Structures are given as C-alpha cells and as structure tokens.
file run_8.pdb (PDB, C-alpha atoms)
MODEL        1
ATOM      1  CA  MET R 312       7.984  16.133 -24.089  1.00  0.00           C
ATOM      2  CA  THR R 313       9.171  19.504 -22.913  1.00  0.00           C
ATOM      3  CA  TYR R 314       6.781  22.344 -22.341  1.00  0.00           C
ATOM      4  CA  GLU R 315       7.659  25.875 -23.207  1.00  0.00           C
ATOM      5  CA  ASN R 316       5.500  28.377 -21.448  1.00  0.00           C
ATOM      6  CA  THR R 317       5.172  31.087 -24.078  1.00  0.00           C
ATOM      7  CA  SER R 318       2.002  32.570 -22.656  1.00  0.00           C
ATOM      8  CA  ALA R 319       0.150  32.948 -19.397  1.00  0.00           C
ATOM      9  CA  GLU R 320      -1.540  29.546 -19.852  1.00  0.00           C
ATOM     10  CA  GLN R 321      -0.939  26.836 -17.275  1.00  0.00           C
ATOM     11  CA  PRO R 322       1.413  23.923 -17.977  1.00  0.00           C
ATOM     12  CA  PRO R 323      -0.349  20.641 -18.851  1.00  0.00           C
ATOM     13  CA  ALA R 324       0.090  19.196 -15.325  1.00  0.00           C
ATOM     14  CA  ALA R 325      -1.917  22.057 -13.837  1.00  0.00           C
ATOM     15  CA  GLN R 326      -4.811  21.214 -16.144  1.00  0.00           C
ATOM     16  CA  HIS R 327      -5.301  17.813 -14.512  1.00  0.00           C
ATOM     17  CA  ASP R 328      -7.062  17.039 -11.280  1.00  0.00           C
ATOM     18  CA  ILE R 329      -4.227  17.123  -8.780  1.00  0.00           C
ATOM     19  CA  LEU R 330      -4.915  15.852  -5.276  1.00  0.00           C
ATOM     20  CA  THR R 331      -5.509  18.376  -2.552  1.00  0.00           C
ATOM     21  CA  GLN R 332      -2.873  18.507   0.170  1.00  0.00           C
ATOM     22  CA  GLY R 333      -5.258  16.860   2.654  1.00  0.00           C
ATOM     23  CA  VAL R 334      -6.084  13.930   0.387  1.00  0.00           C
ATOM     24  CA  ALA R 335      -2.402  13.529  -0.519  1.00  0.00           C
ATOM     25  CA  GLU R 336      -1.520  13.350   3.196  1.00  0.00           C
ATOM     26  CA  GLU R 337      -4.201  10.713   3.839  1.00  0.00           C
ATOM     27  CA  LEU R 338      -3.011   8.648   0.878  1.00  0.00           C
ATOM     28  CA  ALA R 339       0.601   8.952   2.020  1.00  0.00           C
ATOM     29  CA  GLY R 340      -0.544   7.733   5.436  1.00  0.00           C
ATOM     30  CA  VAL R 341      -1.952   4.560   3.902  1.00  0.00           C
ATOM     31  CA  PHE R 342       1.301   3.963   2.045  1.00  0.00           C
ATOM     32  CA  ARG R 343       3.272   4.638   5.254  1.00  0.00           C
ATOM     33  CA  ALA R 344       1.134   2.050   7.021  1.00  0.00           C
ATOM     34  CA  LEU R 345       2.010  -0.485   4.356  1.00  0.00           C
ATOM     35  CA  ALA R 346       5.690   0.488   4.303  1.00  0.00           C
ATOM     36  CA  ASP R 347       6.449  -1.629   7.370  1.00  0.00           C
ATOM     37  CA  PRO R 348       7.046  -5.385   6.812  1.00  0.00           C
ATOM     38  CA  THR R 349       5.336  -6.341  10.087  1.00  0.00           C
ATOM     39  CA  ARG R 350       2.211  -4.384   9.183  1.00  0.00           C
ATOM     40  CA  VAL R 351       2.223  -5.895   5.687  1.00  0.00           C
ATOM     41  CA  ARG R 352       2.344  -9.361   7.265  1.00  0.00           C
ATOM     42  CA  ILE R 353      -0.617  -8.417   9.465  1.00  0.00           C
ATOM     43  CA  VAL R 354      -2.524  -7.208   6.408  1.00  0.00           C
ATOM     44  CA  SER R 355      -1.660 -10.436   4.577  1.00  0.00           C
ATOM     45  CA  ALA R 356      -3.059 -12.516   7.449  1.00  0.00           C
ATOM     46  CA  LEU R 357      -6.213 -10.392   7.628  1.00  0.00           C
ATOM     47  CA  ALA R 358      -6.656 -10.570   3.854  1.00  0.00           C
ATOM     48  CA  GLU R 359      -7.559 -14.213   4.380  1.00  0.00           C
ATOM     49  CA  THR R 360      -9.809 -14.021   7.443  1.00  0.00           C
ATOM     50  CA  GLU R 361     -10.780 -12.106  10.552  1.00  0.00           C
ATOM     51  CA  LEU R 362      -8.404 -12.900  13.437  1.00  0.00           C
ATOM     52  CA  SER R 363      -8.111 -12.143  17.117  1.00  0.00           C
ATOM     53  CA  VAL R 364      -5.099 -10.283  18.464  1.00  0.00           C
ATOM     54  CA  SER R 365      -3.854 -13.462  20.150  1.00  0.00           C
ATOM     55  CA  ALA R 366      -4.228 -15.503  16.927  1.00  0.00           C
ATOM     56  CA  LEU R 367      -2.313 -12.834  14.997  1.00  0.00           C
ATOM     57  CA  ALA R 368       0.434 -12.734  17.637  1.00  0.00           C
ATOM     58  CA  GLU R 369       0.792 -16.503  17.497  1.00  0.00           C
ATOM     59  CA  ALA R 370       0.772 -16.632  13.684  1.00  0.00           C
ATOM     60  CA  LEU R 371       3.385 -13.874  13.430  1.00  0.00           C
ATOM     61  CA  GLY R 372       5.528 -15.073  16.333  1.00  0.00           C
ATOM     62  CA  MET R 373       5.161 -11.723  18.108  1.00  0.00           C
ATOM     63  CA  THR R 374       4.057 -10.566  21.539  1.00  0.00           C
ATOM     64  CA  LEU R 375       0.477  -9.435  22.113  1.00  0.00           C
ATOM     65  CA  SER R 376       1.772  -5.977  22.953  1.00  0.00           C
ATOM     66  CA  ALA R 377       3.733  -5.634  19.712  1.00  0.00           C
ATOM     67  CA  VAL R 378       0.793  -6.801  17.589  1.00  0.00           C
ATOM     68  CA  SER R 379      -1.623  -4.528  19.451  1.00  0.00           C
ATOM     69  CA  HIS R 380       0.660  -1.567  18.814  1.00  0.00           C
ATOM     70  CA  GLN R 381       0.789  -2.274  15.071  1.00  0.00           C
ATOM     71  CA  LEU R 382      -2.973  -2.853  14.908  1.00  0.00           C
ATOM     72  CA  SER R 383      -3.563   0.458  16.645  1.00  0.00           C
ATOM     73  CA  LEU R 384      -1.584   2.251  13.931  1.00  0.00           C
ATOM     74  CA  LEU R 385      -3.407   0.378  11.186  1.00  0.00           C
ATOM     75  CA  ARG R 386      -6.759   1.186  12.767  1.00  0.00           C
ATOM     76  CA  GLU R 387      -5.956   4.918  13.010  1.00  0.00           C
ATOM     77  CA  LEU R 388      -5.263   4.915   9.261  1.00  0.00           C
ATOM     78  CA  CYS R 389      -8.496   2.997   8.490  1.00  0.00           C
ATOM     79  CA  VAL R 390      -6.606   0.002   7.146  1.00  0.00           C
ATOM     80  CA  VAL R 391      -8.186  -2.411   9.648  1.00  0.00           C
ATOM     81  CA  GLN R 392     -11.249  -2.381  11.846  1.00  0.00           C
ATOM     82  CA  ALA R 393     -11.933  -4.067  15.171  1.00  0.00           C
ATOM     83  CA  ARG R 394     -14.864  -6.000  16.550  1.00  0.00           C
ATOM     84  CA  ARG R 395     -15.184  -6.942  20.208  1.00  0.00           C
ATOM     85  CA  GLU R 396     -16.711 -10.250  21.235  1.00  0.00           C
ATOM     86  CA  GLY R 397     -16.593 -10.675  24.988  1.00  0.00           C
ATOM     87  CA  ARG R 398     -12.981 -10.270  26.038  1.00  0.00           C
ATOM     88  CA  GLN R 399     -11.592 -10.951  22.566  1.00  0.00           C
ATOM     89  CA  VAL R 400     -10.986  -8.279  19.934  1.00  0.00           C
ATOM     90  CA  TYR R 401     -11.107  -9.437  16.331  1.00  0.00           C
ATOM     91  CA  TYR R 402      -9.602  -7.563  13.409  1.00  0.00           C
ATOM     92  CA  CYS R 403     -10.304  -7.572   9.697  1.00  0.00           C
ATOM     93  CA  LEU R 404      -9.355  -5.351   6.775  1.00  0.00           C
ATOM     94  CA  ASP R 405     -11.352  -2.138   6.740  1.00  0.00           C
ATOM     95  CA  ASP R 406     -12.876  -2.669   3.307  1.00  0.00           C
ATOM     96  CA  GLU R 407     -12.430  -4.089  -0.182  1.00  0.00           C
ATOM     97  CA  HIS R 408     -10.193  -1.147  -1.165  1.00  0.00           C
ATOM     98  CA  VAL R 409      -7.537  -2.180   1.341  1.00  0.00           C
ATOM     99  CA  TYR R 410      -7.684  -5.774   0.130  1.00  0.00           C
ATOM    100  CA  SER R 411      -7.424  -4.626  -3.484  1.00  0.00           C
ATOM    101  CA  LEU R 412      -4.461  -2.352  -2.724  1.00  0.00           C
ATOM    102  CA  TYR R 413      -2.675  -5.218  -0.945  1.00  0.00           C
ATOM    103  CA  ARG R 414      -3.358  -7.670  -3.802  1.00  0.00           C
ATOM    104  CA  GLN R 415      -2.233  -5.175  -6.458  1.00  0.00           C
ATOM    105  CA  ALA R 416       1.024  -4.499  -4.608  1.00  0.00           C
ATOM    106  CA  LEU R 417       1.603  -8.228  -4.138  1.00  0.00           C
ATOM    107  CA  GLU R 418       1.010  -8.870  -7.847  1.00  0.00           C
ATOM    108  CA  HIS R 419       3.384  -6.025  -8.707  1.00  0.00           C
ATOM    109  CA  VAL R 420       6.142  -7.504  -6.532  1.00  0.00           C
ATOM    110  CA  SER R 421       5.534 -11.013  -7.887  1.00  0.00           C
ATOM    111  CA  HIS R 422       5.621  -9.739 -11.481  1.00  0.00           C
ATOM    112  CA  GLY R 423       9.009  -8.096 -10.880  1.00  0.00           C
ATOM    113  CA  ARG R 424      10.447 -11.289  -9.418  1.00  0.00           C
ATOM    114  CA  ARG R 425       9.345 -13.413 -12.375  1.00  0.00           C
ATOM    115  CA  GLN R 426      11.310 -11.323 -14.841  1.00  0.00           C
ATOM    116  CA  ALA R 427      14.871 -12.230 -15.666  1.00  0.00           C
ATOM    117  CA  PRO R 428      17.472  -9.781 -14.296  1.00  0.00           C
ATOM    118  CA  SER R 429      18.401  -8.712 -17.842  1.00  0.00           C
ATOM    119  CA  VAL R 430      14.765  -7.735 -18.534  1.00  0.00           C
ATOM    120  CA  ARG R 431      14.610  -5.738 -15.284  1.00  0.00           C
ATOM    121  CA  ARG R 432      17.839  -3.899 -16.219  1.00  0.00           C
ATOM    122  CA  MET R 433      16.502  -3.164 -19.703  1.00  0.00           C
ATOM    123  CA  ARG R 434      13.217  -1.782 -18.322  1.00  0.00           C
ATOM    124  CA  SER R 435      15.118   0.284 -15.770  1.00  0.00           C
ATOM    125  CA  ALA R 436      17.310   1.783 -18.489  1.00  0.00           C
ATOM    126  CA  HIS R 437      14.242   2.403 -20.641  1.00  0.00           C
ATOM    127  CA  ARG R 438      12.573   4.334 -17.813  1.00  0.00           C
ATOM    128  CA  ALA R 439      15.769   6.312 -17.190  1.00  0.00           C
ATOM    129  CA  HIS R 440      15.491   7.618 -20.722  1.00  0.00           C
ATOM    130  CA  GLY R 441      12.049   9.050 -20.123  1.00  0.00           C
ATOM    131  CA  CYS R 442       9.591   6.203 -20.629  1.00  0.00           C
ATOM    132  CA  GLN R 443       6.570   6.812 -18.416  1.00  0.00           C
ATOM    133  CA  ASN R 444       4.362   3.994 -19.678  1.00  0.00           C
ATOM    134  CA  GLY R 445       3.027   2.090 -16.678  1.00  0.00           C
ATOM    135  CA  ASN R 446       1.593  -0.621 -18.929  1.00  0.00           C
ATOM    136  CA  GLU R 447       4.869  -2.135 -20.116  1.00  0.00           C
ATOM    137  CA  GLN R 448       4.899  -5.904 -20.313  1.00  0.00           C
TER     138      GLN R 448
ENDMDL
END
call {"tool": "encode", "arguments": {"input": "run_8.pdb", "output": "structure tokens"}}
result
Amino acid sequence: MTYENTSAEQPPAAQHDILTQGVAEELAGVFRALADPTRVRIVSALAETELSVSALAEALGMTLSAVSHQLSLLRELCVVQARREGRQVYYCLDDEHVYSLYRQALEHVSHGRRQAPSVRRMRSAHRAHGCQNGNEQ
C-alpha cells in the first residue's frame, strides 16, 4: 500500500505508538547482548538452571575470565542477575521475559531449519514482493 500525503495529516506509521529513542536503545541493547554466540550459549545454560561462574566456564569450555567478562555485559543489560553465596557467585536469567525471548528466538530458528530449502526460497521471494505477514506458515 502506498500512501499519498495530500493533506497535512500524518502518514499511518506516525499514528501508531512508536518507541521513544531511549526505549529503542534499551531494546537494541538486549538484542546486541543476544547477538553474540557465546552469550547465547550462556543464556541457554542459564535457561535451565542457576549456575556458578566456574560451572559455566567448565560447561562452555572457557576460562573463568572470559565467562566473567561475558556475564558482566549480560548483567549490565539486565539479561542475567547474580547472587553471591560465600565465595561463589551464581547467575540466573534476570526474569521470565528473558527466558521467553530466548525460547521464542530458538523456536524461530528451529522452525526455519525444518522447512525445505524450496519453501524458504519461496517465502523469501514472497517477502521481497511486499508481503509483511509475520504469521505465515
């Protein structure tokens, strides 16, 4: 659908609730946090259970320092939270929203892999011609 602005009225997009710049930056930060495969693997481990830094390092085959660095970034973006017990620091996902976002993205990736390549090409071509329906099967 094309929109011809024949009057001083706003285009349809301006009539919707568009995110403020601040909220958009915070949301982009969450997506940036999940854009790194190592951080996604950390999130996947924490989606199952709370883990200590040393348990995460061992499970991921990484150094304590490398895992701590990634956890620090995830904590700054409110993706994970920490709990100290004696000398150990345990991490878990910040809340149900993070878990839900992770599961939705995982389902999306799995759905794409289950489709035959010809179906993926057809859907890609369909979108290239202007289809914006996010509920395609």
call {"tool": "residues_around", "arguments": {"input": "run_8.pdb", "residues": "Leu385 (chain R)", "least_positions_apart": "5", "cutoff": "7 Å", "atoms": "all atoms listed in the file", "output": "list in words"}}
result
Ala344, Val390 and Val391 of chain R
call {"tool": "write_last_selection", "arguments": {"input": "run_8.pdb", "atoms": "C-alpha atoms", "output": "mmCIF file, in the coordinates of the input"}}
result
data_model
loop_
_atom_site.group_PDB
_atom_site.id
_atom_site.type_symbol
_atom_site.label_atom_id
_atom_site.label_comp_id
_atom_site.auth_asym_id
_atom_site.auth_seq_id
_atom_site.Cartn_x
_atom_site.Cartn_y
_atom_site.Cartn_z
ATOM 1 C CA ALA R 344 1.134 2.050 7.021
ATOM 2 C CA VAL R 390 -6.606 0.002 7.146
ATOM 3 C CA VAL R 391 -8.186 -2.411 9.648
#
call {"tool": "closest_residue", "arguments": {"input": "run_8.pdb", "among": "R:Glu361, R:Val351, R:Leu388, R:Ser376", "to": "Ala339 (chain R)", "atoms": "only C-alpha atoms"}}
result
R:Leu388
call {"tool": "atom_distance", "arguments": {"input": "run_8.pdb", "atom1": "CA of Arg343 (chain R)", "atom2": "CA of Arg395 (chain R)"}}
result
26.4 Å
call {"tool": "atom_distance", "arguments": {"input": "run_8.pdb", "atom1": "CA of Glu336 (chain R)", "atom2": "CA of Val378 (chain R)"}}
result
24.9 Å
call {"tool": "resolve_selection", "arguments": {"input": "run_8.pdb", "expression": "the PyMOL selection byres ((chain R and resi 355) around 12)", "output": "PyMOL selection string"}}
result
chain R and resi 345+348-354+356-362+367+370-371+390-391+403-404+409-414+416-417
call {"tool": "axis_aligned_box", "arguments": {"input": "run_8.pdb", "around": "region 400-412 of chain R", "padding_each_side": "3 Å", "output": "JSON"}}
result
{"center_x": -8.7, "center_y": -5.3, "center_z": 8.2, "size_x": 14.4, "size_y": 14.3, "size_z": 29.4}
call {"tool": "atom_distance", "arguments": {"input": "run_8.pdb", "atom1": "CA of Ser365 (chain R)", "atom2": "CA of Val400 (chain R)"}}
result
8.8 Å
call {"tool": "closest_residue", "arguments": {"input": "run_8.pdb", "among": "R:Arg398, R:Cys389, R:Ser421, R:Ala377", "to": "Leu338 (chain R)", "atoms": "all atoms listed in the file"}}
result
R:Cys389
call {"tool": "closest_residue", "arguments": {"input": "run_8.pdb", "among": "R:Gly333, R:Ala346, R:Gly372, R:Ser363", "to": "Gln392 (chain R)", "atoms": "only C-alpha atoms"}}
result
R:Ser363
call {"tool": "build_atoms", "arguments": {"input": "run_8.pdb", "residues": "region 348-370 of chain R", "atoms": "N, CA and C atoms", "output": "PDB file, in the coordinates of the input"}}
result
ATOM      1  N   PRO R 348       7.234  -3.949   7.085  1.00  0.00           N
ATOM      2  CA  PRO R 348       7.046  -5.385   6.812  1.00  0.00           C
ATOM      3  C   PRO R 348       6.130  -6.084   7.823  1.00  0.00           C
ATOM      4  N   THR R 349       6.207  -5.719   9.086  1.00  0.00           N
ATOM      5  CA  THR R 349       5.336  -6.341  10.087  1.00  0.00           C
ATOM      6  C   THR R 349       3.877  -6.014   9.802  1.00  0.00           C
ATOM      7  N   ARG R 350       3.594  -4.762   9.479  1.00  0.00           N
ATOM      8  CA  ARG R 350       2.211  -4.384   9.183  1.00  0.00           C
ATOM      9  C   ARG R 350       1.729  -5.039   7.894  1.00  0.00           C
ATOM     10  N   VAL R 351       2.604  -5.200   6.914  1.00  0.00           N
ATOM     11  CA  VAL R 351       2.223  -5.895   5.687  1.00  0.00           C
ATOM     12  C   VAL R 351       1.886  -7.348   6.005  1.00  0.00           C
ATOM     13  N   ARG R 352       2.639  -7.977   6.884  1.00  0.00           N
ATOM     14  CA  ARG R 352       2.344  -9.361   7.265  1.00  0.00           C
ATOM     15  C   ARG R 352       0.995  -9.447   7.980  1.00  0.00           C
ATOM     16  N   ILE R 353       0.691  -8.457   8.800  1.00  0.00           N
ATOM     17  CA  ILE R 353      -0.617  -8.417   9.465  1.00  0.00           C
ATOM     18  C   ILE R 353      -1.719  -8.286   8.416  1.00  0.00           C
ATOM     19  N   VAL R 354      -1.541  -7.386   7.478  1.00  0.00           N
ATOM     20  CA  VAL R 354      -2.524  -7.208   6.408  1.00  0.00           C
ATOM     21  C   VAL R 354      -2.677  -8.505   5.616  1.00  0.00           C
ATOM     22  N   SER R 355      -1.570  -9.184   5.343  1.00  0.00           N
ATOM     23  CA  SER R 355      -1.660 -10.436   4.577  1.00  0.00           C
ATOM     24  C   SER R 355      -2.458 -11.488   5.335  1.00  0.00           C
ATOM     25  N   ALA R 356      -2.289 -11.564   6.638  1.00  0.00           N
ATOM     26  CA  ALA R 356      -3.059 -12.516   7.449  1.00  0.00           C
ATOM     27  C   ALA R 356      -4.538 -12.137   7.444  1.00  0.00           C
ATOM     28  N   LEU R 357      -4.824 -10.845   7.576  1.00  0.00           N
ATOM     29  CA  LEU R 357      -6.213 -10.392   7.628  1.00  0.00           C
ATOM     30  C   LEU R 357      -6.874 -10.384   6.251  1.00  0.00           C
ATOM     31  N   ALA R 358      -6.090 -10.477   5.198  1.00  0.00           N
ATOM     32  CA  ALA R 358      -6.656 -10.570   3.854  1.00  0.00           C
ATOM     33  C   ALA R 358      -7.363 -11.908   3.667  1.00  0.00           C
ATOM     34  N   GLU R 359      -6.975 -12.879   4.472  1.00  0.00           N
ATOM     35  CA  GLU R 359      -7.559 -14.213   4.380  1.00  0.00           C
ATOM     36  C   GLU R 359      -8.775 -14.384   5.280  1.00  0.00           C
ATOM     37  N   THR R 360      -8.734 -13.812   6.485  1.00  0.00           N
ATOM     38  CA  THR R 360      -9.809 -14.021   7.443  1.00  0.00           C
ATOM     39  C   THR R 360      -9.710 -13.038   8.600  1.00  0.00           C
ATOM     40  N   GLU R 361     -10.779 -12.899   9.324  1.00  0.00           N
ATOM     41  CA  GLU R 361     -10.780 -12.106  10.552  1.00  0.00           C
ATOM     42  C   GLU R 361     -10.023 -12.903  11.613  1.00  0.00           C
ATOM     43  N   LEU R 362      -9.197 -12.219  12.407  1.00  0.00           N
ATOM     44  CA  LEU R 362      -8.404 -12.900  13.437  1.00  0.00           C
ATOM     45  C   LEU R 362      -8.398 -12.096  14.719  1.00  0.00           C
ATOM     46  N   SER R 363      -8.264 -12.812  15.822  1.00  0.00           N
ATOM     47  CA  SER R 363      -8.111 -12.143  17.117  1.00  0.00           C
ATOM     48  C   SER R 363      -6.673 -11.675  17.264  1.00  0.00           C
ATOM     49  N   VAL R 364      -6.450 -10.781  18.207  1.00  0.00           N
ATOM     50  CA  VAL R 364      -5.099 -10.283  18.464  1.00  0.00           C
ATOM     51  C   VAL R 364      -4.187 -11.444  18.853  1.00  0.00           C
ATOM     52  N   SER R 365      -4.690 -12.337  19.708  1.00  0.00           N
ATOM     53  CA  SER R 365      -3.854 -13.462  20.150  1.00  0.00           C
ATOM     54  C   SER R 365      -3.538 -14.406  18.989  1.00  0.00           C
ATOM     55  N   ALA R 366      -4.492 -14.639  18.086  1.00  0.00           N
ATOM     56  CA  ALA R 366      -4.228 -15.503  16.927  1.00  0.00           C
ATOM     57  C   ALA R 366      -3.199 -14.852  15.995  1.00  0.00           C
ATOM     58  N   LEU R 367      -3.303 -13.547  15.816  1.00  0.00           N
ATOM     59  CA  LEU R 367      -2.313 -12.834  14.997  1.00  0.00           C
ATOM     60  C   LEU R 367      -0.933 -12.920  15.629  1.00  0.00           C
ATOM     61  N   ALA R 368      -0.856 -12.685  16.936  1.00  0.00           N
ATOM     62  CA  ALA R 368       0.434 -12.734  17.637  1.00  0.00           C
ATOM     63  C   ALA R 368       1.078 -14.108  17.474  1.00  0.00           C
ATOM     64  N   GLU R 369       0.268 -15.145  17.630  1.00  0.00           N
ATOM     65  CA  GLU R 369       0.792 -16.503  17.497  1.00  0.00           C
ATOM     66  C   GLU R 369       1.249 -16.771  16.059  1.00  0.00           C
ATOM     67  N   ALA R 370       0.436 -16.389  15.089  1.00  0.00           N
ATOM     68  CA  ALA R 370       0.772 -16.632  13.684  1.00  0.00           C
ATOM     69  C   ALA R 370       2.039 -15.892  13.264  1.00  0.00           C
TER      70      ALA R 370
END
